[in-house]
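Participant: Take this structure, written in structure tokens, and hold onto it; I'll ask about it next.
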Amino acid sequence: MNLPLAHIGHVAGGNPLYQIGAEHIAGLIALGALPIVWWFFLRRGVPALAPIEWLLVGLLGASAAIHAGLAIVNDHGFILAVLFAIDAALLAVVARRVLRRSPPGRLGVAVLIGSIVAYWGSAVSGEAPDQVGLATKLCEILALVIVLRQTVPATSFWGAARSLGRGLAVVLLVVGTGATSWVGAFRASAAEPGALSGHRIHSGSVAPPGMVMPAVPARPATAAEQVAADDLILAARKALARYADISVAAADGYNVKGIAGMDFHASNPANENDGRILDVAHPETLVYAVAPNGQPVLMGAMFLMPKIGEPGPTIGGPLTVWHAHQHVCISLTPPGLAGLLSPLGMCPVGTIDLALTAEMIHIWIVPGAPEPFGDLDDAWKRAYLSAVATQR
Amino acid sequence: METTQRPADDLLDVARALLLLQGSILVATTIEALAWAIFFPGASGSPAVMSGAAAVAILVGRTRLRADRRLARRIVFLVEGVILLSATINVAIELALAHGLPPIVAVLSQIVLPVSAITLLRRSTRHPHTATTTGAGILQGAS
């Protein structure tokens with residue numbers, strides 16, 4: 001499993017979505033202690049339960065233990081700690097009911113749905129979801145599936161309709177958990193405007209899902225770093241000017257077929273293995289955008305480190321921060337990007353999960369780019385492309 | 001809760017619950033793949049189609065699971081096999097590139113759920129007197 005917010009080498013700034021938040025370690029410790037509680041309980045005798053009822057007890061107990069651990073450590077503030085404690089107690093009550101061979105009833109449904117929906121609220125309000133929270137919610141949804149199951153076959157129309165409705169409710173809960181987790185992950189990463197577009201992630205900042213950024217000291221660039229960064233842009237503009245003509249790029253081995261959109265990356269496999277690092281004359285990838293008149297416009301280039309885990313040279317200090325990507329889903333049919341690993345733990349079927357890429361940096365050679373080494377704002381790109389189309 | 005079912009039905013009950021959760025995760029993954037295909041230029045739509053087909057196969061398959069229905073089992077086994085194959089590749093990539101294991105939720109969704117479902121379905125067929133009178137409805141609650 002991933003260690004708490006840890007990545008290989010110096011790369012330490014991934015999104016919590018794929019990691020274990022330090023404040024949730026207490027929940028895992030409490031989960032580890034659950035078998036001891038369990039042993040004390042079973043000394044009185046083992047109840048005769050069906051396998052599915054044992055599974056239900058296990059899921060409820062696990063969720064109760066994790067919530068109890070979070071309540072005891074109180075890392076989320078007093079009010080949330082009280083809510084965690086109440087949730088833990090109610091989940092334990094429902095588990096006890098099942099152990100006594102009583103149906104979980106409406107209390108079981110209400111407690112589980114309440115716990116899941118409360119998590120949605122937490123995510124939507126900007127609390128970054130992590131692996132402990134998401135795993136707990138999947139356990140609770142599975143527990144709800146068992147609580148809602150119909151023990152007698154549905155024979156009437158209304159019975160079948162109710163049955164279908166319960167199944168759809170479960171699908172909606174799962175989809176809702178995934179959707180709100182995305183919202184939470186992106187909202188948490190947008191909490192420090194400007195830092196992300198410049199790729200300047202400081203201690204305490206959160207990278208967007210799928211991106212890994214090294215923590216950068218919160219200081220302005222020195223005069224020497226500023227000069228080095230300016231020189232790099234000027235050198236890149238001079239060296240890359242010839243690739244404004246896509247036929248030249250194609251002749252040099254760049255894959256410029258099917259240029260579309262505002263962020264088309266034309267890679268050159270030969271340059272990816274040539275051993276050159278940040279060589280402005282031989283970038284690994286060129287980046288094009290299509291102007292409103294249909295003309296492809298060279299926006300800049302992307303430079304890639306040859307090995308995963310090898311840090312890129314930050315010649316401009318905090319101005320030239322490299323980044324990597326994590327948990328990118330790669331389609332095999334046909335080859336290409338297919339998204340990011342879902343908060344629910346899956347890439348689309350027929351794709352594989354690329355856990356980590358090599359470090360990379362963009363250099364935008366277009367004049368006036370607000371962040372020449374970071375992310376180019378879409379609105380700025382649209383305005384620039386419109387201006388280019390008008391001039392031509 | 002009065003338990004009157006035979007062992008095979010008990011195991012199928014658990015398998016149906018797991019498959020509903022897995023089918024729901026596949027539905028969510030399909031929606032995410034669709035969104036990616038729509039908003040990201042150059043992205044292929046085939047992952048969304050394959051995920052959607054897998055979701056339908058799992059969700060329909062689980063409603064038809066019975067000890068005497070081989071086709072439903074085989075369809076579920078096929079989808080679980082594809083997911084496990086991808087999971088094997090993913091674990092190898094994670095070990096090689098990130099020097100770690102995949103995130104907890106990925107392990108649950110890609111390995112624990114499929115392995116559990118396959119194990120339960122295989123065990124349920126080993127019981128000599130598998131019941132076909134209970135749990136026979138096509139739509140059986142949420143389980």
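Labeling convention for the structure tokens: chains A, B, ... as they appear, residues from 1 per chain, ligands from 1 in order of appearance.
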Using only C-alpha atoms, find each residue in chain A having at least one atom no more than 7 Å away from chain B; report its shortest atom-to-atom pair and that distance in Å (one decimal), rows by chain then rising number, as CSV.

Facilitator:
```
residue,atom,partner,partner_atom,distance
A:Met1,CA,B:Leu101,CA,4.7
A:Asn2,CA,B:Pro103,CA,5.8
A:Ile8,CA,B:Ala98,CA,6.4
A:Tyr18,CA,B:Pro103,CA,5.9
A:Gln19,CA,B:Pro103,CA,6.6
A:Ala50,CA,B:Asp10,CA,6.6
A:Pro51,CA,B:Asp10,CA,6.3
A:Ile52,CA,B:Val14,CA,5.3
A:Arg101,CA,B:Met1,CA,5.4
A:Ser102,CA,B:Met1,CA,5.8
A:Pro103,CA,B:Met1,CA,5.9
A:Gln131,CA,B:Ile104,CA,6.2
A:Leu134,CA,B:Val105,CA,6.9
A:Ala135,CA,B:Val105,CA,5.5
A:Leu142,CA,B:Leu21,CA,6.3
A:Val145,CA,B:Ala142,CA,5.5
A:Ile146,CA,B:Ser143,CA,6.0
A:Leu148,CA,B:Ala142,CA,5.6
A:Arg149,CA,B:Ala142,CA,4.5
A:Gln150,CA,B:Gly141,CA,4.4
A:Pro153,CA,B:Gly137,CA,5.2
A:Ala154,CA,B:Gly137,CA,6.0
A:Ala160,CA,B:Leu139,CA,6.0
A:Ser163,CA,B:Gly141,CA,4.0
A:Leu164,CA,B:Leu139,CA,6.4
A:Arg166,CA,B:Ala142,CA,5.3
A:Gly167,CA,B:Ala142,CA,4.7
A:Val171,CA,B:Ser24,CA,4.7
A:Val174,CA,B:Ser24,CA,6.1
A:Val175,CA,B:Ala28,CA,4.9
A:Gly178,CA,B:Ala28,CA,6.9
A:Ala260,CA,B:Pro41,CA,6.5
A:Gly261,CA,B:Pro41,CA,5.8
A:Ile308,CA,B:Leu97,CA,6.8
A:Ser331,CA,B:Pro47,CA,6.7
A:Thr333,CA,B:Ser46,CA,6.8
A:Gly336,CA,B:Ala43,CA,6.5
A:Leu337,CA,B:Ala43,CA,5.8
A:Ala338,CA,B:Ala43,CA,6.1
A:Gly339,CA,B:Trp36,CA,5.8
A:Ser342,CA,B:Thr29,CA,6.7
A:Leu344,CA,B:Val105,CA,6.3
A:Gly345,CA,B:Ala106,CA,3.8
A:Met346,CA,B:Ala106,CA,6.0
A:Cys347,CA,B:Thr29,CA,6.9
A:Pro348,CA,B:Pro47,CA,5.5
A:Val349,CA,B:Ser51,CA,4.8
A:Gly350,CA,B:Pro47,CA,6.0
A:Thr351,CA,B:Pro47,CA,6.8
A:Ile352,CA,B:Ser86,CA,6.1
A:Asp353,CA,B:Asn90,CA,5.5
A:Leu354,CA,B:Ile93,CA,6.7
A:Ala355,CA,B:Glu94,CA,5.3
A:Leu356,CA,B:Ala98,CA,6.1
```

Participant: Please produce a file of the residues just selected, as a short mmCIF file (atom, residue, chain, number, x, y, z; two decimals), in the first residue's frame, where the atoms kept are N, CA and C atoms.

Facilitator:
```cif
data_model
loop_
_atom_site.label_atom_id
_atom_site.label_comp_id
_atom_site.auth_asym_id
_atom_site.auth_seq_id
_atom_site.Cartn_x
_atom_site.Cartn_y
_atom_site.Cartn_z
N MET A 1 0.84 -1.19 0.00
CA MET A 1 0.00 0.00 0.00
C MET A 1 0.88 1.26 0.00
N ASN A 2 0.31 2.35 -0.43
CA ASN A 2 1.08 3.59 -0.41
C ASN A 2 1.26 4.06 1.03
N ILE A 8 8.37 8.04 -4.25
CA ILE A 8 9.79 7.71 -4.34
C ILE A 8 10.63 8.99 -4.43
N TYR A 18 -5.00 9.17 -3.72
CA TYR A 18 -4.40 7.86 -3.90
C TYR A 18 -3.52 7.46 -2.73
N GLN A 19 -3.64 8.18 -1.63
CA GLN A 19 -2.73 7.93 -0.50
C GLN A 19 -3.51 7.83 0.81
N ALA A 50 -25.39 -16.94 9.07
CA ALA A 50 -25.09 -17.29 7.67
C ALA A 50 -23.84 -16.52 7.24
N PRO A 51 -23.13 -17.00 6.19
CA PRO A 51 -21.92 -16.30 5.73
C PRO A 51 -22.16 -14.83 5.45
N ILE A 52 -23.30 -14.52 4.85
CA ILE A 52 -23.55 -13.11 4.49
C ILE A 52 -23.75 -12.26 5.73
N ARG A 101 -28.92 -11.99 15.87
CA ARG A 101 -29.84 -12.57 14.88
C ARG A 101 -31.12 -11.75 14.72
N SER A 102 -31.02 -10.44 14.95
CA SER A 102 -32.13 -9.54 14.68
C SER A 102 -31.85 -8.82 13.36
N PRO A 103 -32.89 -8.45 12.62
CA PRO A 103 -32.64 -7.71 11.37
C PRO A 103 -32.08 -6.31 11.66
N GLN A 131 -7.48 7.24 0.84
CA GLN A 131 -7.74 5.81 0.67
C GLN A 131 -8.51 5.20 1.85
N LEU A 134 -12.19 6.31 1.49
CA LEU A 134 -12.85 5.67 0.36
C LEU A 134 -13.08 4.18 0.62
N ALA A 135 -12.09 3.51 1.20
CA ALA A 135 -12.25 2.08 1.50
C ALA A 135 -13.38 1.88 2.52
N LEU A 142 -21.21 -1.84 0.69
CA LEU A 142 -21.42 -3.30 0.63
C LEU A 142 -22.32 -3.75 1.79
N VAL A 145 -25.79 -2.96 0.85
CA VAL A 145 -26.28 -3.95 -0.12
C VAL A 145 -26.84 -5.17 0.63
N ILE A 146 -26.12 -5.60 1.66
CA ILE A 146 -26.55 -6.80 2.41
C ILE A 146 -27.79 -6.49 3.24
N LEU A 148 -30.07 -4.32 2.60
CA LEU A 148 -31.24 -4.11 1.73
C LEU A 148 -31.66 -5.36 0.97
N ARG A 149 -30.87 -6.43 1.08
CA ARG A 149 -31.16 -7.58 0.23
C ARG A 149 -32.51 -8.18 0.60
N GLN A 150 -33.08 -8.81 -0.39
CA GLN A 150 -34.41 -9.41 -0.23
C GLN A 150 -34.22 -10.89 0.01
N PRO A 153 -37.77 -14.36 -2.68
CA PRO A 153 -37.80 -13.97 -4.09
C PRO A 153 -39.00 -13.08 -4.40
N ALA A 154 -38.73 -12.06 -5.24
CA ALA A 154 -39.81 -11.15 -5.62
C ALA A 154 -40.69 -11.84 -6.66
N ALA A 160 -40.85 -6.91 -7.57
CA ALA A 160 -39.73 -6.81 -8.51
C ALA A 160 -39.29 -5.36 -8.67
N SER A 163 -37.34 -4.27 -5.73
CA SER A 163 -36.03 -4.91 -5.82
C SER A 163 -35.11 -4.15 -6.77
N LEU A 164 -35.67 -3.78 -7.94
CA LEU A 164 -34.90 -3.02 -8.92
C LEU A 164 -34.51 -1.66 -8.36
N ARG A 166 -33.98 -0.85 -5.27
CA ARG A 166 -32.88 -1.00 -4.30
C ARG A 166 -31.55 -1.13 -5.03
N GLY A 167 -31.56 -1.93 -6.11
CA GLY A 167 -30.33 -2.09 -6.89
C GLY A 167 -29.87 -0.76 -7.47
N VAL A 171 -26.38 1.56 -6.99
CA VAL A 171 -25.56 2.09 -8.09
C VAL A 171 -25.38 3.61 -7.90
N VAL A 174 -22.87 4.45 -5.19
CA VAL A 174 -21.47 4.24 -5.63
C VAL A 174 -21.04 5.36 -6.57
N VAL A 175 -21.90 5.67 -7.56
CA VAL A 175 -21.57 6.74 -8.51
C VAL A 175 -21.41 8.07 -7.76
N GLY A 178 -18.10 8.24 -5.98
CA GLY A 178 -17.01 8.52 -6.92
C GLY A 178 -17.01 9.98 -7.35
N ALA A 260 -5.55 18.25 -32.81
CA ALA A 260 -6.89 18.73 -32.45
C ALA A 260 -6.84 19.36 -31.07
N GLY A 261 -7.80 20.22 -30.79
CA GLY A 261 -7.93 20.81 -29.46
C GLY A 261 -6.87 21.86 -29.17
N ILE A 308 12.24 7.30 -14.62
CA ILE A 308 11.26 7.59 -13.58
C ILE A 308 11.97 7.75 -12.24
N SER A 331 -5.13 3.37 -22.37
CA SER A 331 -5.93 2.45 -23.17
C SER A 331 -5.01 1.60 -24.06
N THR A 333 -6.56 -0.30 -26.53
CA THR A 333 -7.36 -0.54 -27.75
C THR A 333 -8.13 0.70 -28.17
N GLY A 336 -3.58 4.99 -25.97
CA GLY A 336 -3.84 6.41 -25.70
C GLY A 336 -4.29 6.61 -24.26
N LEU A 337 -4.44 7.89 -23.90
CA LEU A 337 -4.89 8.20 -22.55
C LEU A 337 -6.37 7.86 -22.40
N ALA A 338 -6.72 7.32 -21.24
CA ALA A 338 -8.12 6.95 -21.03
C ALA A 338 -8.66 7.50 -19.71
N GLY A 339 -7.88 8.32 -19.02
CA GLY A 339 -8.36 8.92 -17.79
C GLY A 339 -7.40 8.70 -16.64
N SER A 342 -9.86 5.77 -10.95
CA SER A 342 -11.06 6.24 -10.26
C SER A 342 -10.85 6.22 -8.75
N LEU A 344 -12.77 4.99 -6.91
CA LEU A 344 -13.32 3.69 -6.55
C LEU A 344 -12.34 2.57 -6.87
N GLY A 345 -11.14 2.93 -7.34
CA GLY A 345 -10.06 1.97 -7.45
C GLY A 345 -9.90 1.28 -8.78
N MET A 346 -10.60 1.74 -9.82
CA MET A 346 -10.47 1.04 -11.11
C MET A 346 -10.18 2.02 -12.24
N CYS A 347 -9.37 1.56 -13.19
CA CYS A 347 -9.29 2.20 -14.49
C CYS A 347 -10.36 1.54 -15.36
N PRO A 348 -10.79 2.19 -16.45
CA PRO A 348 -11.77 1.54 -17.32
C PRO A 348 -11.27 0.17 -17.79
N VAL A 349 -12.20 -0.73 -18.04
CA VAL A 349 -11.83 -2.08 -18.51
C VAL A 349 -11.10 -1.95 -19.85
N GLY A 350 -10.04 -2.73 -20.01
CA GLY A 350 -9.25 -2.66 -21.25
C GLY A 350 -8.14 -1.64 -21.17
N THR A 351 -7.93 -1.06 -19.97
CA THR A 351 -6.84 -0.10 -19.81
C THR A 351 -5.95 -0.57 -18.64
N ILE A 352 -4.76 -0.02 -18.59
CA ILE A 352 -3.87 -0.34 -17.46
C ILE A 352 -3.54 0.95 -16.70
N ASP A 353 -3.16 0.79 -15.46
CA ASP A 353 -2.88 1.92 -14.57
C ASP A 353 -1.38 2.18 -14.55
N LEU A 354 -0.97 3.28 -15.17
CA LEU A 354 0.45 3.66 -15.15
C LEU A 354 0.69 4.39 -13.83
N ALA A 355 1.36 3.72 -12.89
CA ALA A 355 1.46 4.23 -11.51
C ALA A 355 2.20 5.56 -11.43
N LEU A 356 3.24 5.72 -12.21
CA LEU A 356 4.05 6.95 -12.12
C LEU A 356 4.79 7.16 -13.43
#
```

Participant: I'd like the contact shell of stretch 68-77 of chain B - 10 Å cut-off, only C-alpha atoms, skipping same-chain residues fewer than 3 positions apart - returned as number ranges by chain.

Facilitator: B: 19, 54, 57-65, 80-83, 114-115, 117-118, 121-122, 125, 130-132

Participant: Using N, CA and C atoms, can you export the residues from the last selection as an mmCIF file, in the first residue's frame?

Facilitator:
```
data_model
loop_
_atom_site.group_PDB
_atom_site.id
_atom_site.type_symbol
_atom_site.label_atom_id
_atom_site.label_comp_id
_atom_site.auth_asym_id
_atom_site.auth_seq_id
_atom_site.Cartn_x
_atom_site.Cartn_y
_atom_site.Cartn_z
ATOM 1 N N LEU B 19 -21.080 -8.769 -6.295
ATOM 2 C CA LEU B 19 -21.191 -8.437 -7.723
ATOM 3 C C LEU B 19 -22.001 -7.156 -7.938
ATOM 4 N N ALA B 54 -18.875 -4.509 -19.499
ATOM 5 C CA ALA B 54 -18.529 -5.295 -18.302
ATOM 6 C C ALA B 54 -19.540 -5.056 -17.188
ATOM 7 N N ALA B 57 -22.707 -6.889 -18.033
ATOM 8 C CA ALA B 57 -22.507 -8.336 -17.874
ATOM 9 C C ALA B 57 -22.546 -8.743 -16.405
ATOM 10 N N ILE B 58 -21.899 -7.948 -15.549
ATOM 11 C CA ILE B 58 -21.859 -8.281 -14.114
ATOM 12 C C ILE B 58 -23.242 -8.093 -13.487
ATOM 13 N N LEU B 59 -23.897 -6.958 -13.799
ATOM 14 C CA LEU B 59 -25.181 -6.667 -13.145
ATOM 15 C C LEU B 59 -26.279 -7.624 -13.608
ATOM 16 N N VAL B 60 -26.284 -7.948 -14.898
ATOM 17 C CA VAL B 60 -27.275 -8.912 -15.387
ATOM 18 C C VAL B 60 -26.909 -10.318 -14.932
ATOM 19 N N GLY B 61 -25.618 -10.624 -15.022
ATOM 20 C CA GLY B 61 -25.155 -11.959 -14.625
ATOM 21 C C GLY B 61 -25.520 -12.285 -13.184
ATOM 22 N N ARG B 62 -25.375 -11.318 -12.284
ATOM 23 C CA ARG B 62 -25.627 -11.590 -10.865
ATOM 24 C C ARG B 62 -27.092 -11.898 -10.576
ATOM 25 N N THR B 63 -27.978 -11.286 -11.393
ATOM 26 C CA THR B 63 -29.396 -11.548 -11.162
ATOM 27 C C THR B 63 -29.785 -12.951 -11.639
ATOM 28 N N ARG B 64 -28.961 -13.531 -12.495
ATOM 29 C CA ARG B 64 -29.291 -14.854 -13.049
ATOM 30 C C ARG B 64 -28.449 -15.960 -12.438
ATOM 31 N N LEU B 65 -27.719 -15.619 -11.405
ATOM 32 C CA LEU B 65 -26.848 -16.626 -10.786
ATOM 33 C C LEU B 65 -27.673 -17.687 -10.078
ATOM 34 N N GLU B 80 -14.474 -11.123 -14.650
ATOM 35 C CA GLU B 80 -13.554 -11.113 -13.503
ATOM 36 C C GLU B 80 -12.132 -11.468 -13.959
ATOM 37 N N GLY B 81 -12.027 -12.368 -14.929
ATOM 38 C CA GLY B 81 -10.718 -12.746 -15.450
ATOM 39 C C GLY B 81 -10.011 -11.572 -16.105
ATOM 40 N N VAL B 82 -10.766 -10.792 -16.890
ATOM 41 C CA VAL B 82 -10.178 -9.616 -17.552
ATOM 42 C C VAL B 82 -9.713 -8.607 -16.498
ATOM 43 N N ILE B 83 -10.561 -8.397 -15.466
ATOM 44 C CA ILE B 83 -10.195 -7.435 -14.408
ATOM 45 C C ILE B 83 -8.950 -7.921 -13.658
ATOM 46 N N PRO B 114 -12.956 -9.399 -7.217
ATOM 47 C CA PRO B 114 -13.022 -10.474 -8.220
ATOM 48 C C PRO B 114 -12.638 -11.846 -7.662
ATOM 49 N N VAL B 115 -11.572 -11.897 -6.855
ATOM 50 C CA VAL B 115 -11.138 -13.193 -6.311
ATOM 51 C C VAL B 115 -12.232 -13.769 -5.407
ATOM 52 N N ALA B 117 -15.476 -13.143 -5.509
ATOM 53 C CA ALA B 117 -16.638 -13.550 -6.309
ATOM 54 C C ALA B 117 -16.371 -14.891 -7.001
ATOM 55 N N ILE B 118 -15.188 -15.022 -7.592
ATOM 56 C CA ILE B 118 -14.853 -16.273 -8.288
ATOM 57 C C ILE B 118 -14.832 -17.434 -7.299
ATOM 58 N N LEU B 121 -18.397 -18.380 -6.219
ATOM 59 C CA LEU B 121 -19.159 -19.041 -7.289
ATOM 60 C C LEU B 121 -18.650 -20.469 -7.505
ATOM 61 N N ARG B 122 -17.348 -20.638 -7.444
ATOM 62 C CA ARG B 122 -16.800 -21.995 -7.635
ATOM 63 C C ARG B 122 -17.212 -22.916 -6.486
ATOM 64 N N THR B 125 -20.808 -24.285 -6.552
ATOM 65 C CA THR B 125 -21.114 -25.370 -7.496
ATOM 66 C C THR B 125 -20.649 -26.730 -6.971
ATOM 67 N N THR B 130 -27.412 -28.556 -4.718
ATOM 68 C CA THR B 130 -27.615 -27.119 -4.779
ATOM 69 C C THR B 130 -29.079 -26.824 -5.024
ATOM 70 N N ALA B 131 -29.566 -25.906 -4.251
ATOM 71 C CA ALA B 131 -30.990 -25.589 -4.337
ATOM 72 C C ALA B 131 -31.285 -24.699 -5.516
ATOM 73 N N THR B 132 -32.373 -24.940 -6.158
ATOM 74 C CA THR B 132 -32.801 -24.071 -7.245
ATOM 75 C C THR B 132 -34.157 -23.462 -6.937
#
```

Participant: As a VMD selection string, which residues of stretch 289-329 of chain A does DSSP assign to strand (DSSP E or B)?

Facilitator: chain A and resid 289 to 290 296 to 304 323 to 329

Participant: Enter the distance from atom CA of A:Ala81 to atom CA of A:Ala68, in Å, rounded to one decimal.

Facilitator: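 Result for atom CA of A:Ala81 versus atom CA of A:Ala68: 8.8 Å, one decimal.
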
Participant: Could you tell me, as a ChimeraX atom specification, which residues of stretch 15-53 of chain B DSSP assigns to helix (DSSP H, G or I) when given the backbone?

Facilitator: /B:15-39,46-53

Participant: I need the residue nearest A:Ala185 from this list: A:Trp120, A:Tyr254, A:Phe78, A:Trp38. Use only C-alpha atoms for the distance.

Facilitator: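 Using only C-alpha atoms, the shortest distance to A:Ala185 belongs to A:Trp120.
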
Participant: For a test of reading the model, state the distance in Å between atom CA of A:Ala92 and atom CA of A:His76, rounded to one decimal.

Facilitator: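 Distance between the two atoms: 21.3 Å.
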
Participant: How many Å lie between atom CA of A:Pro269 and atom CA of A:Gly312, rounded to one decimal?

Facilitator: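 Between atom CA of A:Pro269 and atom CA of A:Gly312 the gap works out to 18.9 Å.
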